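Content type compact mmCIF, C-alpha atoms, from the file target.txt:
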# COMPACT_ATOMS: atom_id res chain seq x y z
CA LEU A 1401 175.24 152.93 79.87
CA VAL A 1402 177.46 151.05 82.31
CA PHE A 1403 179.83 153.31 84.22
CA PRO A 1404 183.29 152.08 85.30
CA GLY A 1405 182.43 152.45 88.98
CA ASN A 1406 179.40 150.23 88.58
CA MET A 1407 181.38 147.67 86.53
CA ALA A 1408 183.96 147.40 89.28
CA TRP A 1409 181.26 146.98 91.89
CA PHE A 1410 179.48 144.23 89.94
CA ALA A 1411 182.78 142.40 89.39
CA SER A 1412 183.72 142.51 93.07
CA ARG A 1413 180.19 141.53 94.09
CA ASN A 1414 180.16 138.54 91.77
CA ALA A 1415 183.46 137.39 93.25
CA ARG A 1416 182.03 137.64 96.75
CA LEU A 1417 178.90 135.73 95.77
CA LEU A 1418 180.92 132.96 94.08
CA ALA A 1419 182.88 132.55 97.30
CA THR A 1420 179.68 132.04 99.27
CA SER A 1421 178.05 128.63 99.50
CA MET A 1422 174.40 128.96 98.47
CA SER A 1423 172.29 126.40 100.28
CA VAL A 1424 168.63 125.84 99.48
CA VAL A 1425 166.37 126.70 102.40
CA SER A 1426 163.44 124.30 102.56
CA ALA A 1427 160.16 125.05 104.27
CA ALA A 1428 160.84 122.44 106.90
CA GLY A 1429 164.32 123.74 107.59
CA LEU A 1430 163.58 127.44 107.57
CA GLN A 1431 163.22 127.74 111.32
CA ARG A 1432 166.67 126.22 111.81
CA LYS A 1433 168.42 128.63 109.45
CA THR A 1434 169.81 131.88 110.79
CA SER A 1435 168.38 135.12 109.52
CA ARG A 1436 171.82 136.06 108.18
CA GLU A 1437 171.98 132.92 106.08
CA SER A 1438 168.53 133.57 104.67
CA ARG A 1439 169.42 137.15 103.77
CA GLY A 1440 172.65 136.19 102.03
CA ARG A 1441 171.09 134.95 98.78
CA SER A 1442 172.31 136.46 95.54
CA SER A 1443 170.23 138.75 93.33
CA ARG A 1444 170.54 141.52 90.81
CA LEU A 1445 170.56 144.98 92.31
CA GLU A 1446 169.01 147.67 90.18
CA VAL A 1447 167.24 150.94 90.81
CA VAL A 1448 163.55 150.80 89.92
CA CYS A 1449 162.66 154.42 90.61
CA SER A 1450 164.95 157.23 91.54
CA GLY A 1451 165.17 160.85 92.57
CA SER A 1452 165.80 163.62 90.07
CA GLN A 1453 167.71 166.16 92.16
CA PRO A 1454 171.52 166.67 92.29
CA ILE A 1455 173.43 164.57 94.78
CA GLY A 1456 173.56 166.24 98.17
CA THR A 1457 176.56 166.66 100.44
CA LEU A 1458 177.10 163.67 102.72
CA SER A 1459 177.46 164.18 106.46
CA SER A 1460 181.06 164.25 107.64
CA HIS A 1461 180.60 161.11 109.77
CA VAL A 1462 179.64 159.02 106.71
CA THR A 1463 183.03 157.70 105.68
CA ALA A 1464 182.41 154.90 103.21
CA ILE A 1465 179.77 153.29 101.02
CA PRO A 1466 179.31 149.60 101.97
CA GLU A 1467 180.90 147.28 99.41
CA THR A 1468 177.56 145.53 98.93
CA LEU A 1469 175.92 148.82 97.89
CA CYS A 1470 175.82 149.50 94.15
CA PRO A 1471 177.31 152.95 93.34
CA MET A 1472 174.26 153.76 91.19
CA LEU A 1473 171.94 153.02 94.12
CA ALA A 1474 174.11 155.05 96.49
CA SER A 1475 173.91 157.97 94.06
CA THR A 1476 170.14 157.61 93.77
CA LEU A 1477 169.69 157.48 97.54
CA SER A 1478 171.83 160.59 97.96
CA SER A 1479 169.70 162.42 95.39
CA SER A 1480 166.46 161.32 97.05
CA ILE A 1481 167.71 162.41 100.47
CA ALA A 1482 168.83 165.78 99.08
CA LYS A 1483 165.34 166.26 97.64
CA ASP A 1484 163.08 164.96 100.42
CA GLY A 1485 165.24 164.66 103.54
CA PHE A 1486 163.67 162.59 106.31
CA MET A 1487 160.69 161.80 104.06
CA PHE A 1488 162.65 160.26 101.17
CA ASP A 1489 161.80 156.92 99.56
CA CYS A 1490 163.41 154.72 96.94
CA ILE A 1491 162.40 151.37 95.42
CA PHE A 1492 165.04 148.89 94.28
CA PHE A 1493 165.70 145.21 93.56
CA ALA A 1494 168.08 143.58 96.05
CA THR A 1495 168.65 140.92 98.69
CA LYS A 1496 167.59 141.62 102.26
CA GLN A 1497 171.23 142.11 103.28
CA GLU A 1498 171.71 144.71 100.54
CA PHE A 1499 168.53 146.43 101.69
CA ASP A 1500 169.83 146.54 105.27
CA ASP A 1501 173.13 148.02 104.10
CA ALA A 1502 171.30 150.68 102.07
CA TRP A 1503 169.06 151.43 105.05
CA HIS A 1504 171.90 151.84 107.54
CA TRP A 1505 174.00 153.94 105.17
CA SER A 1506 171.17 156.25 104.04
CA TRP A 1507 169.94 156.90 107.57
CA ALA A 1508 173.51 157.59 108.70
CA ILE A 1509 173.61 160.40 106.14
CA LEU A 1510 170.73 161.96 108.09
CA GLY A 1511 172.42 161.28 111.41
CA VAL A 1512 169.82 158.72 112.48
CA GLU A 1513 170.64 155.38 114.09
CA PRO A 1514 168.58 152.44 112.73
CA ILE A 1515 166.60 150.34 115.21
CA ASN A 1516 168.51 147.39 116.64
CA ARG A 1517 166.55 144.33 115.57
CA SER A 1518 168.70 141.97 117.67
CA GLU A 1519 167.24 143.47 120.85
CA ARG A 1520 163.63 142.74 119.94
CA THR A 1521 161.75 140.41 122.24
CA TYR A 1522 158.13 139.48 121.78
CA GLU A 1523 155.59 140.22 124.47
CA GLY A 1524 152.11 138.83 123.97
CA ARG A 1525 149.26 141.28 124.20
CA GLN A 1526 147.32 141.17 127.45
CA LYS A 1527 143.96 141.46 125.70
CA SER A 1528 142.42 141.04 122.28
CA THR A 1529 142.87 143.84 119.75
CA ALA A 1530 139.33 143.10 118.48
CA ASP A 1531 137.74 145.71 120.75
CA SER A 1532 135.23 147.40 118.45
CA SER A 1533 132.45 146.29 116.10
CA ASN A 1534 134.56 146.57 112.94
CA ARG A 1535 137.40 144.58 114.50
CA VAL A 1536 135.08 141.91 115.89
CA ARG A 1537 133.59 141.59 112.40
CA ASP A 1538 137.08 141.14 110.94
CA LYS A 1539 138.06 138.57 113.57
CA THR A 1540 134.96 136.51 112.89
CA ARG A 1541 135.71 136.54 109.16
CA ILE A 1542 139.41 135.68 109.52
CA GLU A 1543 138.86 132.81 111.95
CA SER A 1544 135.90 131.29 110.10
CA THR A 1545 137.42 131.63 106.62
CA TRP A 1546 141.12 130.86 107.17
CA ASN A 1547 141.25 129.51 110.73
CA LEU A 1548 143.95 131.97 111.75
CA LYS A 1549 144.00 132.45 115.51
CA GLU A 1550 144.70 135.84 117.01
CA SER A 1551 147.33 134.34 119.33
CA GLY A 1552 149.50 133.15 116.43
CA ASN A 1553 150.83 129.78 115.27
CA PRO A 1554 154.54 128.92 114.89
CA SER A 1555 153.86 125.98 112.55
CA CYS A 1556 151.94 127.72 109.73
CA GLU A 1557 153.58 128.00 106.32
CA PHE A 1558 152.51 130.81 104.00
CA TYR A 1559 152.96 130.61 100.21
CA ASP A 1560 152.25 133.11 97.44
CA SER A 1561 150.22 132.30 94.33
CA ALA A 1562 153.33 130.93 92.58
CA GLY A 1563 154.00 128.50 95.42
CA GLU A 1564 156.98 130.46 96.79
CA LEU A 1565 157.42 130.31 100.55
CA ILE A 1566 156.63 133.64 102.21
CA ALA A 1567 156.85 132.89 105.93
CA CYS A 1568 156.98 130.12 108.50
CA GLY A 1569 154.82 130.83 111.52
CA TYR A 1570 153.27 134.09 112.70
CA GLU A 1571 153.15 135.78 116.08
CA ALA A 1572 149.63 137.21 116.07
CA ILE A 1573 146.77 138.63 114.08
CA VAL A 1574 146.54 142.34 114.81
CA TYR A 1575 143.03 143.71 114.46
CA GLY A 1576 143.23 147.42 113.71
CA ASP A 1577 141.09 150.03 112.01
CA HIS A 1578 142.92 149.41 108.71
CA GLY A 1579 141.85 145.76 108.65
CA PRO A 1580 143.45 142.59 110.06
CA TYR A 1581 147.18 141.97 109.61
CA MET A 1582 149.39 138.97 110.26
CA GLU A 1583 152.29 139.92 112.53
CA PHE A 1584 155.74 138.34 112.06
CA ASN A 1585 159.21 138.62 113.50
CA GLU A 1586 162.18 138.97 111.16
CA ASP A 1587 163.22 135.31 111.33
CA GLN A 1588 159.75 134.08 110.33
CA ILE A 1589 159.88 135.88 106.97
CA HIS A 1590 161.44 133.87 104.12
CA TRP A 1591 163.59 136.69 102.77
CA PRO A 1592 164.78 135.02 99.52
CA SER A 1593 161.18 135.42 98.26
CA PHE A 1594 161.29 139.21 98.75
CA CYS A 1595 163.37 140.97 96.13
CA TYR A 1596 161.79 144.41 95.77
CA HIS A 1597 162.20 146.85 98.63
CA LYS A 1598 160.94 150.35 99.33
CA LEU A 1599 163.39 152.13 101.60
CA LYS A 1600 162.04 155.20 103.37
CA GLY A 1601 163.42 157.97 105.51
CA PRO A 1602 163.10 158.08 109.32
CA GLY A 1603 160.23 160.54 109.07
CA ARG A 1604 157.98 157.73 107.80
CA THR A 1605 156.55 154.76 109.75
CA HIS A 1606 157.54 151.66 107.75
CA PHE A 1607 159.51 150.15 104.87
CA GLU A 1608 157.90 147.88 102.28
CA HIS A 1609 159.07 144.54 100.87
CA TYR A 1610 157.54 142.77 97.87
CA ASN A 1611 157.80 139.28 96.42
CA LYS A 1612 158.77 138.59 92.79
CA ASP A 1613 155.39 139.39 91.20
CA LYS A 1614 154.57 142.04 93.85
CA SER A 1615 151.43 140.16 94.89
CA VAL A 1616 152.58 140.16 98.53
CA LYS A 1617 153.33 143.41 100.34
CA CYS A 1618 155.14 143.15 103.66
CA TYR A 1619 155.20 146.20 105.94
CA ASP A 1620 158.42 146.57 107.93
CA GLN A 1621 157.42 148.73 110.91
CA PHE A 1622 160.07 151.03 112.40
CA ARG A 1623 157.67 153.51 114.01
CA THR A 1624 154.27 153.04 115.64
CA VAL A 1625 151.10 154.82 114.48
CA ALA A 1626 150.26 156.01 118.00
CA ASN A 1627 149.98 159.59 116.73
CA GLN A 1628 147.54 158.67 113.94
CA PRO A 1629 143.98 158.32 115.31
CA ASN A 1630 142.55 157.15 111.97
CA PRO A 1631 143.86 154.88 109.19
CA PRO A 1632 144.42 155.77 105.54
CA PRO A 1633 141.07 155.54 103.69
CA ASP A 1634 142.56 153.24 101.04
CA ASN A 1635 141.28 149.96 102.41
CA PRO A 1636 137.73 148.54 102.20
CA PHE A 1637 138.08 147.49 105.85
CA SER A 1638 139.20 150.92 107.10
CA SER A 1639 137.18 152.49 109.90
CA ALA A 1640 137.67 155.96 111.37
CA ASN A 1641 137.27 155.50 115.13
CA ASN A 1642 139.37 158.51 116.26
CA ARG A 1643 141.49 156.46 118.67
CA PRO A 1644 143.78 158.59 120.89
CA ASP A 1645 146.36 155.77 121.04
CA GLY A 1646 146.47 155.22 117.26
CA TYR A 1647 144.42 153.23 114.77
CA ALA A 1648 146.36 149.94 115.22
CA ASP A 1649 148.87 148.33 117.57
CA TYR A 1650 151.69 147.97 115.02
CA ARG A 1651 154.97 147.39 116.85
CA GLN A 1652 158.40 148.70 116.03
CA GLY A 1653 160.58 145.95 114.57
CA ARG A 1654 157.69 143.73 113.49
CA PHE A 1655 156.48 142.83 110.00
CA TYR A 1656 152.89 142.90 108.77
CA ILE A 1657 150.98 141.39 105.84
CA SER A 1658 147.29 142.10 105.23
CA CYS A 1659 145.25 138.93 105.71
CA ASP A 1660 142.61 139.89 103.18
CA PHE A 1661 144.96 141.04 100.43
CA PHE A 1662 147.30 138.08 100.89
CA PHE A 1663 144.54 135.54 100.29
CA ALA A 1664 142.79 137.65 97.64
CA GLU A 1665 146.02 137.53 95.61
CA GLY A 1666 146.09 133.74 95.71
CA GLY A 1667 148.16 133.27 98.87
CA LYS A 1668 147.84 129.99 100.76
CA CYS A 1669 148.39 128.89 104.33
CA ILE A 1670 149.30 125.36 105.39
CA GLN A 1671 148.74 124.72 109.08
CA LYS A 1672 150.59 121.83 110.70
CA ASP A 1673 149.98 120.18 114.02
CA THR A 1674 152.11 121.57 116.86
So, in terms of structure tokens, how does the structure I just supplied come out?
Amino acid sequence: LVFPGNMAWFASRNARLLATSMSVVSAAGLQRKTSRESRGRSSRLEVVCSGSQPIGTLSSHVTAIPETLCPMLASTLSSSIAKDGFMFDCIFFATKQEFDDAWHWSWAILGVEPINRSERTYEGRQKSTADSSNRVRDKTRIESTWNLKESGNPSCEFYDSAGELIACGYEAIVYGDHGPYMEFNEDQIHWPSFCYHKLKGPGRTHFEHYNKDKSVKCYDQFRTVANQPNPPPDNPFSSANNRPDGYADYRQGRFYISCDFFFAEGGKCIQKDT
């Protein structure tokens, strides 16, 4: 079934997309493109999984649904929020810009202001995060197998198993008790390659972004894990060390991809001279 409201939205969206010049972002030119330009690519927007509860009442300060937000998705988000509140989640197919619009709108329903990504500045860590036997083991494996330095490399290019660009450069390798993760800023991620998104409520710690075949999972951190002394036991590299400051130094506003799972799924890294 296609409802009139959805038909009108798709028609207006197609008109907007036709009016936008779609340039191809090459690997070499990615760093010179703005994050807004990268996020403006066209895509279908469809709900992959949805809530089952009646639509809740929107807060009085929520005045309008963004024009880029499909009415069906808005309805699904409202249902999910009515059911699970601050712990809601919803998976859908969209561009990064559409994800951001859905994020801002859904959190506004709960009266929560999204983090301001434009204010993020990177501060290098003063010491290595490989400070225990399990982390030293992981660091030795990562550096000897894939030559990825803990301090980062702005010239690396990461590709998935299909040869699609995933990211240009990385800021650091974070060694935590849930295994080693590559750390990125928002502009280093090649957003046209990520079309599935898992939006979560502000009671969670991160969003999730997936590439076309879902072989690459990118964690979008909006809350630290400082109050979680041990990691989830769902990873062969997990270690319970009961850390009072949290099991890993994941930073708000940064993006993370597991080193081991990325390469196990056929991911590749091309390192260029700086």
- Query: In Å to one decimal, how far is atom CA of Gly1666 of chain A from atom CA of Glu1571 of chain A?
  - Reply: 21.7 Å
- Task: Give me the residues within 7 Å of segment 1485-1490 of chain A as a PyMOL selection string, counting all atoms listed in the file and dropping any in the same chain fewer than 6 places off.
- Result: chain A and resi 1449-1450+1477+1598-1604
Could you write out that same residue set with C-alpha atoms as a PDB file, keeping the file's coordinate frame?
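File produced: part-v3.pdb:
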ATOM      1  CA  CYS A1449     162.660 154.420  90.610  1.00  0.00           C
ATOM      2  CA  SER A1450     164.950 157.230  91.540  1.00  0.00           C
ATOM      3  CA  LEU A1477     169.690 157.480  97.540  1.00  0.00           C
ATOM      4  CA  LYS A1598     160.940 150.350  99.330  1.00  0.00           C
ATOM      5  CA  LEU A1599     163.390 152.130 101.600  1.00  0.00           C
ATOM      6  CA  LYS A1600     162.040 155.200 103.370  1.00  0.00           C
ATOM      7  CA  GLY A1601     163.420 157.970 105.510  1.00  0.00           C
ATOM      8  CA  PRO A1602     163.100 158.080 109.320  1.00  0.00           C
ATOM      9  CA  GLY A1603     160.230 160.540 109.070  1.00  0.00           C
ATOM     10  CA  ARG A1604     157.980 157.730 107.800  1.00  0.00           C
TER      11      ARG A1604
END
- Query: Expressed in Å to a single decimal, how great is the separation between atom CA of Ile1566 of chain A and atom CA of Pro1554 of chain A?
  - Reply: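 Computing the Euclidean distance for atom CA of Ile1566 of chain A and atom CA of Pro1554 of chain A yields 13.7 Å.
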- Item | Selected residue of minimal separation from Asn1630 of chain A among A:Glu1564, A:Asp1501, A:Asp1587, A:Asp1577, counting only C-alpha atoms |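 Smallest distance to Asn1630 of chain A is found for A:Asp1577.
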- Item | Option closest in space to Asp1500 of chain A, from A:Tyr1570, A:Phe1607, A:Tyr1522, A:Phe1558 [counting only C-alpha atoms] | A:Phe1607
- Nearest to Ser1615 of chain A among A:Asp1531, A:Glu1498, A:Glu1467, A:Glu1665, with distances taken over only C-alpha atoms: which residue is it? A:Glu1665
- Message: Can you tell me which residues surround Phe1637 of chain A at a distance of at most 12 Å, considering only C-alpha atoms, apart from same-chain residues fewer than 3 positions away, and format the answer as a ChimeraX atom specification?
- Response: /A:1533-1539,1541,1575-1581,1631-1634,1640,1658-1661
- Task: Measure the distance from atom CA of Gly1569 of chain A to atom CA of Gln1628 of chain A in Å and round it to one decimal.
- Result: 28.9 Å
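Compared by their closest atoms to Lys1672 of chain A, and using only C-alpha atoms, the residues A:Ser1555, A:Asn1627, A:His1590, A:His1597 rank with A:Ser1555 nearest.
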- Residue with the minimum atom-to-atom distance to Gly1563 of chain A, picked from A:Ile1481, A:Lys1612, A:Phe1499, A:Cys1618 with all atoms listed in the file counted, is A:Lys1612
- Task: Identify which of the residues A:Asp1620, A:Glu1586, A:Asp1649, A:Ser1561 lies closest to Ser1528 of chain A, counting all atoms listed in the file when measuring atom-to-atom distances.
- Result: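 Checking each candidate against Ser1528 of chain A, we get A:Asp1649 as the closest.
Near Phe1584 of chain A, within a cut-off of 9 Å and counting only C-alpha atoms, sit the residues A:Ala1567, A:Gly1569, A:Tyr1570, A:Glu1571, A:Ala1572, A:Gln1588, A:Ile1589, A:Arg1654, A:Phe1655, A:Tyr1656, A:Ile1657, with same-chain residues fewer than 4 positions away left out.
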Axis-aligned box over every listed atom of segment 1619-1625 of chain A, padded by 6 Å per side: centre and edges in Å to one decimal, as JSON?
{"center_x": 155.6, "center_y": 150.5, "center_z": 110.8, "size_x": 21.0, "size_y": 20.6, "size_z": 21.7}
